[in-house]
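Enquirer: After the structure tokens below, expect a handful of questions from me.
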Amino acid sequence: MTALDCDVLVIGGGIVGLSTAYAITRAAPGTRVTVLEKEAGPARHQTGRNSGVIHSGIYYPPGSLKARFAVRGAAEMVKFCAEYGIAHEVTGKLIVATERAELPRLHALVQRGRENGIPVRELGPAQIAEYEPWVRGLAAIHVGTTGVCDFGAVAAKLARLAQDAGASVRYGAQVGTIGRRPSAVAVRTTDGTVLRARALVNCAGLHCDRVARLAGDDPGMRIVPFRGEYFELVPSRASLVNGLVYPVPDPAFPFLGVHLTRGIDGAVHIGPNAVPALAREGYAWHTVRPHELAGTLAYPGAWRIARRHWRYGAGELRRSLSKRAFTDAVRRLLPDVTADDLTAAPAGVRAQAVLPDGTLVDDFLISQSPRVVHVLNAPSPAATASLPIGREVARRVLEGL
């Protein structure tokens, strides 16, 4: 038999892939792990392009992977950042109802938070002003365990810790083909390098469904990319927001709506909205990859989403194309803001798994086949939950070995 280059190959150098490599080295010292990342460094996509929020887990159904891993992961992420000197702050956040129709949903969130073991405090208008003097609402809840951190720095630290334990992290290594034998998995990168391992982990994020098919598995879903566009408050108006302020989410859609986030850098990020991206890494309207766009348009699930959520989508599209419309959405929470107070900020793309019937996969999705573990749906709050997700993936791959 041809000699193996390592025991486990991990595809993807975002926070989930690097957490997995770190978890394997901790759970089974001496296991040879190699991470392949196509970019020149870690965390270049979902990990490094979000608002940096350490989520509490309040939104997710009790017992779901998202609920369990976010609650556990939030506490672990704060501890990890403190241990390694990574910038972070536990700020708490407000979820604010601005219309009477939202009050039942707000009360349901209180109950869900308590079921998930999250400390929640209910607030009236005067109490909202104690936390956020410029925010207006009929009622709110304060979630004490929410915070902010630098997830890019967390990913970089996980890479270093894995390397210190003997793992190899290869940047600029894009996967071209994958071959499987009963005893091994082989990956050829686009520069012609071949690596053989006992097992493969797919943490390719925006490309995870493509990697699953390269490995010969039917993922049963497709990634439909949604671009999240952000603005920032100009520095002279950043004092309008003290911490984190969210609207009451619409349970019919998996996105949380435009929210206000004072990041670890002190800047106030506003967004994101959610519009279809025209490429998997389509961070602007002008970024179009015809082959990727054609793949999305040929997927029945994408059309079924569009039919089911066209009214919501039309509103998101209008806010994308009109700064005035985006400002109006922000003014529901922050009435004093004007369009001149907002300046464009870098966008992110959410890797959303969609089933053929148009259902948006709501929970984290991890699947297995012989010698392979696929992480097929890990959008927000995956960064928050990355340490427990990494341990779960490591457990599965090591059991397979």
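In the structure tokens, the first chain shown is A, the next is B, and so on; residue numbers restart at 1 for each chain, and ligands run from 1 in the order shown.
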Which residues are near Pro346 of chain A? Cut-off 10 Å, only C-alpha atoms, ignore same chain within fewer than 5 positions. Put them as a list in words.

Expert: Arg49, Asn50, Gly228, Glu229, Tyr230, Phe231, Glu232, His269, Tyr283 and Ala284 of chain A

Enquirer: Got time to write the residues from that selection, C-alpha atoms, as a JSON list (two decimals), in the first residue's frame?

Expert:
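again.json, freshly written:
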```json
[["chain", "number", "residue", "atom", "x", "y", "z"],
["A", 49, "ARG", "CA", -16.52, 38.75, 7.46],
["A", 50, "ASN", "CA", -19.19, 38.64, 10.16],
["A", 228, "GLY", "CA", -25.06, 40.23, 3.93],
["A", 229, "GLU", "CA", -24.39, 43.92, 3.36],
["A", 230, "TYR", "CA", -23.27, 46.18, 6.20],
["A", 231, "PHE", "CA", -22.97, 49.87, 6.92],
["A", 232, "GLU", "CA", -21.10, 51.54, 9.78],
["A", 269, "HIS", "CA", -21.74, 47.92, 12.38],
["A", 283, "TYR", "CA", -19.13, 40.13, -1.91],
["A", 284, "ALA", "CA", -20.46, 42.79, -4.31]]
```

Enquirer: As a list of chain:residue names, which residues of segment 111-148 of chain A does DSSP assign to strand (DSSP E)?

Expert: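 In segment 111-148 of chain A, DSSP puts these residues in strand (DSSP E): A:Val120, A:Arg121, A:Glu122, A:Leu123, A:Ala139, A:Ala140, A:Ile141, A:His142, A:Val143, A:Gly147, A:Val148.
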
Enquirer: Could you check the closest approach to Leu334 of chain A for each of A:Asp150, A:Glu132, A:Glu281, A:Glu399 and tell me which residue wins, using only C-alpha atoms?

Expert: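 Once distances to Leu334 of chain A are computed over only C-alpha atoms, the minimum belongs to A:Glu132.
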
Enquirer: Which residue is closest to Asn273 of chain A? Choose from A:Arg319, A:His55, A:His207, A:Lys79 and count only C-alpha atoms.

Expert: A:Arg319

Enquirer: Name the residues of segment 38-244 of chain A that fall into helix (DSSP H, G or I) according to DSSP on the backbone, using the chain letters and numbers of this document, as a PyMOL selection string.

Expert: chain A and resi 47-49+65-84+100-115+125-131+151-164+205-214+235-240

Enquirer: Could you list, with a cut-off of 7 Å and counting only C-alpha atoms, the residues of segment 225-334 of chain A near segment 82-93 of chain A, each shown with its nearest atom pair and the distance in Å rounded to one decimal, rows sorted by chain and ascending number, as CSV?

Expert:
```
residue,atom,partner,partner_atom,distance
A:Gly243,CA,A:Thr91,CA,6.2
A:Leu244,CA,A:Lys93,CA,4.7
A:Val245,CA,A:Lys93,CA,5.8
A:Ile264,CA,A:His88,CA,6.3
```

Enquirer: Between segment 9-74 of chain A and segment 382-398 of chain A, at 10 Å or less, what are the per-residue closest atom pairs and their distances in Å? Count only C-alpha atoms, order by chain and rising residue number, and return it as a tab-separated table.

Expert:
```
residue	atom	partner	partner_atom	distance
A:Gly14	CA	A:Ala383	CA	9.1
A:Ile15	CA	A:Ala383	CA	6.4
A:Val16	CA	A:Ser386	CA	5.3
A:Gly17	CA	A:Gly390	CA	7.3
A:Leu18	CA	A:Gly390	CA	7.9
A:Ser19	CA	A:Gly390	CA	4.8
A:Thr20	CA	A:Gly390	CA	3.9
A:Ala21	CA	A:Gly390	CA	7.5
A:Tyr22	CA	A:Gly390	CA	7.7
A:Ala23	CA	A:Arg391	CA	5.3
A:Ile24	CA	A:Ala394	CA	5.2
A:Thr25	CA	A:Ala394	CA	9.0
A:Arg26	CA	A:Arg391	CA	9.3
A:Ala27	CA	A:Ala394	CA	7.8
A:Ala28	CA	A:Leu398	CA	8.1
A:Thr31	CA	A:Leu398	CA	9.3
A:Gln46	CA	A:Ala383	CA	8.6
A:Thr47	CA	A:Ala383	CA	6.5
A:Gly48	CA	A:Ala383	CA	9.6
A:Asn50	CA	A:Ala383	CA	9.1
A:Gly52	CA	A:Ala383	CA	8.5
A:Val53	CA	A:Thr384	CA	7.6
A:Ile54	CA	A:Thr384	CA	5.2
A:His55	CA	A:Thr384	CA	6.0
A:Ser56	CA	A:Thr384	CA	8.4
A:Gly57	CA	A:Thr384	CA	9.1
A:Leu65	CA	A:Ile389	CA	8.8
A:Lys66	CA	A:Ala385	CA	7.7
A:Ala67	CA	A:Ala385	CA	9.2
A:Arg68	CA	A:Ala385	CA	8.7
A:Phe69	CA	A:Ala385	CA	5.1
A:Ala70	CA	A:Ala385	CA	4.7
A:Val71	CA	A:Ala385	CA	7.8
A:Arg72	CA	A:Pro388	CA	7.2
A:Gly73	CA	A:Ala385	CA	4.3
A:Ala74	CA	A:Thr384	CA	5.6
```

Enquirer: Next, write the just-selected residues to a file, as a tab-separated table (two decimals), in the first residue's frame, keeping N, CA and C atoms as the atom set.

Expert:
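Ended up saving to selection_15.tsv:
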```
chain	number	residue	atom	x	y	z
A	14	GLY	N	-11.29	27.88	7.71
A	14	GLY	CA	-12.09	28.79	8.52
A	14	GLY	C	-12.09	28.33	9.96
A	15	ILE	N	-12.90	28.97	10.78
A	15	ILE	CA	-12.85	28.69	12.22
A	15	ILE	C	-13.31	27.28	12.54
A	16	VAL	N	-14.24	26.71	11.76
A	16	VAL	CA	-14.71	25.35	12.04
A	16	VAL	C	-13.65	24.32	11.65
A	17	GLY	N	-13.03	24.48	10.50
A	17	GLY	CA	-11.97	23.56	10.10
A	17	GLY	C	-10.79	23.59	11.05
A	18	LEU	N	-10.40	24.78	11.47
A	18	LEU	CA	-9.24	24.91	12.37
A	18	LEU	C	-9.59	24.42	13.77
A	19	SER	N	-10.83	24.64	14.21
A	19	SER	CA	-11.26	24.10	15.50
A	19	SER	C	-11.25	22.58	15.47
A	20	THR	N	-11.65	22.01	14.33
A	20	THR	CA	-11.64	20.56	14.19
A	20	THR	C	-10.22	20.01	14.28
A	21	ALA	N	-9.29	20.66	13.57
A	21	ALA	CA	-7.89	20.22	13.63
A	21	ALA	C	-7.35	20.31	15.06
A	22	TYR	N	-7.66	21.42	15.72
A	22	TYR	CA	-7.23	21.61	17.12
A	22	TYR	C	-7.82	20.53	18.02
A	23	ALA	N	-9.12	20.23	17.83
A	23	ALA	CA	-9.79	19.24	18.67
A	23	ALA	C	-9.21	17.84	18.46
A	24	ILE	N	-8.88	17.52	17.22
A	24	ILE	CA	-8.29	16.20	16.95
A	24	ILE	C	-6.95	16.06	17.67
A	25	THR	N	-6.13	17.10	17.58
A	25	THR	CA	-4.80	17.03	18.21
A	25	THR	C	-4.91	16.94	19.74
A	26	ARG	N	-5.98	17.51	20.30
A	26	ARG	CA	-6.17	17.42	21.75
A	26	ARG	C	-6.75	16.08	22.16
A	27	ALA	N	-7.70	15.57	21.37
A	27	ALA	CA	-8.37	14.33	21.75
A	27	ALA	C	-7.49	13.11	21.49
A	28	ALA	N	-6.64	13.19	20.47
A	28	ALA	CA	-5.82	12.03	20.10
A	28	ALA	C	-4.42	12.52	19.74
A	31	THR	N	-2.02	12.05	16.41
A	31	THR	CA	-2.74	11.93	15.14
A	31	THR	C	-2.21	12.98	14.18
A	46	GLN	N	-16.47	33.36	5.66
A	46	GLN	CA	-17.50	33.59	6.67
A	46	GLN	C	-16.92	34.01	8.02
A	47	THR	N	-15.83	33.37	8.43
A	47	THR	CA	-15.26	33.65	9.75
A	47	THR	C	-14.81	35.08	9.89
A	48	GLY	N	-14.15	35.60	8.87
A	48	GLY	CA	-13.56	36.92	8.97
A	48	GLY	C	-14.43	38.05	8.46
A	50	ASN	N	-17.94	38.48	9.42
A	50	ASN	CA	-19.19	38.64	10.16
A	50	ASN	C	-19.05	39.79	11.15
A	52	GLY	N	-18.82	39.69	14.33
A	52	GLY	CA	-18.02	39.42	15.51
A	52	GLY	C	-18.81	39.17	16.77
A	53	VAL	N	-20.09	38.81	16.63
A	53	VAL	CA	-20.94	38.63	17.81
A	53	VAL	C	-20.78	37.22	18.37
A	54	ILE	N	-20.55	37.12	19.68
A	54	ILE	CA	-20.62	35.85	20.41
A	54	ILE	C	-22.09	35.67	20.79
A	55	HIS	N	-22.79	34.81	20.06
A	55	HIS	CA	-24.23	34.66	20.24
A	55	HIS	C	-24.56	33.86	21.50
A	56	SER	N	-25.69	34.18	22.10
A	56	SER	CA	-26.08	33.52	23.35
A	56	SER	C	-26.71	32.16	23.11
A	57	GLY	N	-27.40	31.99	21.97
A	57	GLY	CA	-28.16	30.77	21.70
A	57	GLY	C	-29.64	30.91	21.97
A	65	LEU	N	-28.79	21.27	17.69
A	65	LEU	CA	-27.34	21.46	17.75
A	65	LEU	C	-27.00	22.93	17.92
A	66	LYS	N	-27.72	23.80	17.23
A	66	LYS	CA	-27.44	25.24	17.35
A	66	LYS	C	-27.62	25.71	18.78
A	67	ALA	N	-28.70	25.30	19.42
A	67	ALA	CA	-28.95	25.74	20.80
A	67	ALA	C	-27.87	25.20	21.73
A	68	ARG	N	-27.61	23.89	21.66
A	68	ARG	CA	-26.66	23.28	22.59
A	68	ARG	C	-25.25	23.81	22.36
A	69	PHE	N	-24.84	23.88	21.10
A	69	PHE	CA	-23.47	24.28	20.80
A	69	PHE	C	-23.26	25.78	20.97
A	70	ALA	N	-24.29	26.60	20.71
A	70	ALA	CA	-24.12	28.04	20.89
A	70	ALA	C	-24.03	28.40	22.37
A	71	VAL	N	-24.90	27.82	23.20
A	71	VAL	CA	-24.86	28.13	24.63
A	71	VAL	C	-23.52	27.71	25.21
A	72	ARG	N	-23.12	26.47	24.90
A	72	ARG	CA	-21.84	25.96	25.40
A	72	ARG	C	-20.68	26.73	24.78
A	73	GLY	N	-20.79	26.97	23.47
A	73	GLY	CA	-19.71	27.63	22.74
A	73	GLY	C	-19.48	29.06	23.16
A	74	ALA	N	-20.55	29.78	23.51
A	74	ALA	CA	-20.39	31.18	23.93
A	74	ALA	C	-19.52	31.26	25.18
```

Enquirer: Identify, on the basis of only C-alpha atoms, every residue whose closest approach to Gly315 of chain A does not exceed 10 Å; exclude the query and any residue fewer than 2 positions from it along the same chain; express the result as number ranges by chain.

Expert: A: 273-275, 310-313, 317-320, 325-326, 329

Enquirer: Could you write out the selected residues, including N, CA, C and O atoms, as a JSON list (two decimals), in the first residue's frame?

Expert:
```
[["chain", "number", "residue", "atom", "x", "y", "z"],
["A", 273, "ASN", "N", -28.36, 43.03, 5.74],
["A", 273, "ASN", "CA", -29.52, 42.55, 5.01],
["A", 273, "ASN", "C", -29.10, 41.26, 4.32],
["A", 273, "ASN", "O", -27.98, 40.80, 4.48],
["A", 274, "ALA", "N", -29.99, 40.63, 3.57],
["A", 274, "ALA", "CA", -29.65, 39.34, 2.95],
["A", 274, "ALA", "C", -30.21, 39.32, 1.53],
["A", 274, "ALA", "O", -31.42, 39.33, 1.34],
["A", 275, "VAL", "N", -29.31, 39.31, 0.55],
["A", 275, "VAL", "CA", -29.72, 39.24, -0.85],
["A", 275, "VAL", "C", -28.96, 38.09, -1.52],
["A", 275, "VAL", "O", -27.85, 37.74, -1.10],
["A", 310, "TRP", "N", -40.80, 35.58, -1.63],
["A", 310, "TRP", "CA", -40.56, 36.67, -2.58],
["A", 310, "TRP", "C", -40.83, 38.04, -1.97],
["A", 310, "TRP", "O", -40.11, 39.01, -2.23],
["A", 311, "ARG", "N", -41.83, 38.12, -1.10],
["A", 311, "ARG", "CA", -42.15, 39.43, -0.51],
["A", 311, "ARG", "C", -41.02, 39.89, 0.42],
["A", 311, "ARG", "O", -40.58, 41.05, 0.37],
["A", 312, "TYR", "N", -40.54, 38.97, 1.26],
["A", 312, "TYR", "CA", -39.41, 39.28, 2.14],
["A", 312, "TYR", "C", -38.19, 39.63, 1.30],
["A", 312, "TYR", "O", -37.48, 40.61, 1.56],
["A", 313, "GLY", "N", -37.94, 38.83, 0.28],
["A", 313, "GLY", "CA", -36.77, 39.05, -0.58],
["A", 313, "GLY", "C", -36.82, 40.38, -1.30],
["A", 313, "GLY", "O", -35.78, 41.04, -1.48],
["A", 317, "LEU", "N", -33.97, 43.23, -1.17],
["A", 317, "LEU", "CA", -33.38, 43.75, -2.40],
["A", 317, "LEU", "C", -33.49, 45.28, -2.45],
["A", 317, "LEU", "O", -32.54, 45.98, -2.82],
["A", 318, "ARG", "N", -34.64, 45.79, -2.04],
["A", 318, "ARG", "CA", -34.83, 47.25, -2.04],
["A", 318, "ARG", "C", -33.84, 47.91, -1.09],
["A", 318, "ARG", "O", -33.24, 48.95, -1.41],
["A", 319, "ARG", "N", -33.62, 47.31, 0.08],
["A", 319, "ARG", "CA", -32.66, 47.89, 1.02],
["A", 319, "ARG", "C", -31.22, 47.78, 0.52],
["A", 319, "ARG", "O", -30.37, 48.58, 0.88],
["A", 320, "SER", "N", -30.97, 46.77, -0.33],
["A", 320, "SER", "CA", -29.64, 46.65, -0.91],
["A", 320, "SER", "C", -29.36, 47.74, -1.94],
["A", 320, "SER", "O", -28.26, 48.28, -2.02],
["A", 325, "ALA", "N", -33.77, 53.33, 1.82],
["A", 325, "ALA", "CA", -34.60, 52.25, 2.33],
["A", 325, "ALA", "C", -33.90, 51.52, 3.47],
["A", 325, "ALA", "O", -34.53, 51.14, 4.46],
["A", 326, "PHE", "N", -32.58, 51.33, 3.36],
["A", 326, "PHE", "CA", -31.82, 50.71, 4.44],
["A", 326, "PHE", "C", -31.89, 51.59, 5.69],
["A", 326, "PHE", "O", -32.10, 51.08, 6.80],
["A", 329, "ALA", "N", -35.07, 51.21, 7.56],
["A", 329, "ALA", "CA", -35.12, 49.99, 8.38],
["A", 329, "ALA", "C", -34.38, 50.20, 9.70],
["A", 329, "ALA", "O", -34.83, 49.76, 10.76]]
```

Enquirer: Quick one, how far is atom CA of Leu103 of chain A from atom CA of Arg262 of chain A?

Expert: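 Spanning atom CA of Leu103 of chain A to atom CA of Arg262 of chain A is a straight-line distance of 25.1 Å.
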
Enquirer: Which neighbours of Pro225 of chain A fall inside 12 Å, counting only C-alpha atoms, when residues of the same chain fewer than 4 positions from it are skipped, and could you give them as a PyMOL selection string?

Expert: chain A and resi 45-46+205-209+274-283+292-293+295-297+302+348-354+360+377+379

Enquirer: Which distance in Å separates atom CA of Val241 of chain A and atom CA of Pro335 of chain A, to one decimal?

Expert: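 For atom CA of Val241 of chain A relative to atom CA of Pro335 of chain A, the distance reads 11.8 Å.
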
Enquirer: Could you tell me how far atom CA of Tyr60 of chain A lies from atom CA of Glu76 of chain A, in Å and to one decimal?

Expert: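 So the answer is 18.1 Å.
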
Enquirer: Name the residues in contact with segment 199-201 of chain A at a cut-off of 7 Å, using only C-alpha atoms, excluding same-chain residues fewer than 6 positions from it; report them as a PyMOL selection string.

Expert: chain A and resi 7-11+184-185+371-374

Enquirer: Taking only C-alpha atoms into account, name the residue in A:Ile95, A:Leu233, A:Ile223, A:Leu321 that is nearest to Ala267 of chain A.

Expert: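 So, comparing all the options, the nearest one is A:Leu233.
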
Enquirer: Pick the closest to Pro356 of chain A from A:Ala97, A:Val224, A:Ala294, A:Val258: which is it, counting only C-alpha atoms?

Expert: A:Val224

Enquirer: Kindly indicate which residue among A:Gly30, A:Glu316, A:Leu401, A:Arg332 lies nearest to Gln163 of chain A, using only C-alpha atoms for the distances.

Expert: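 Among the listed residues, A:Gly30 lies closest to Gln163 of chain A.
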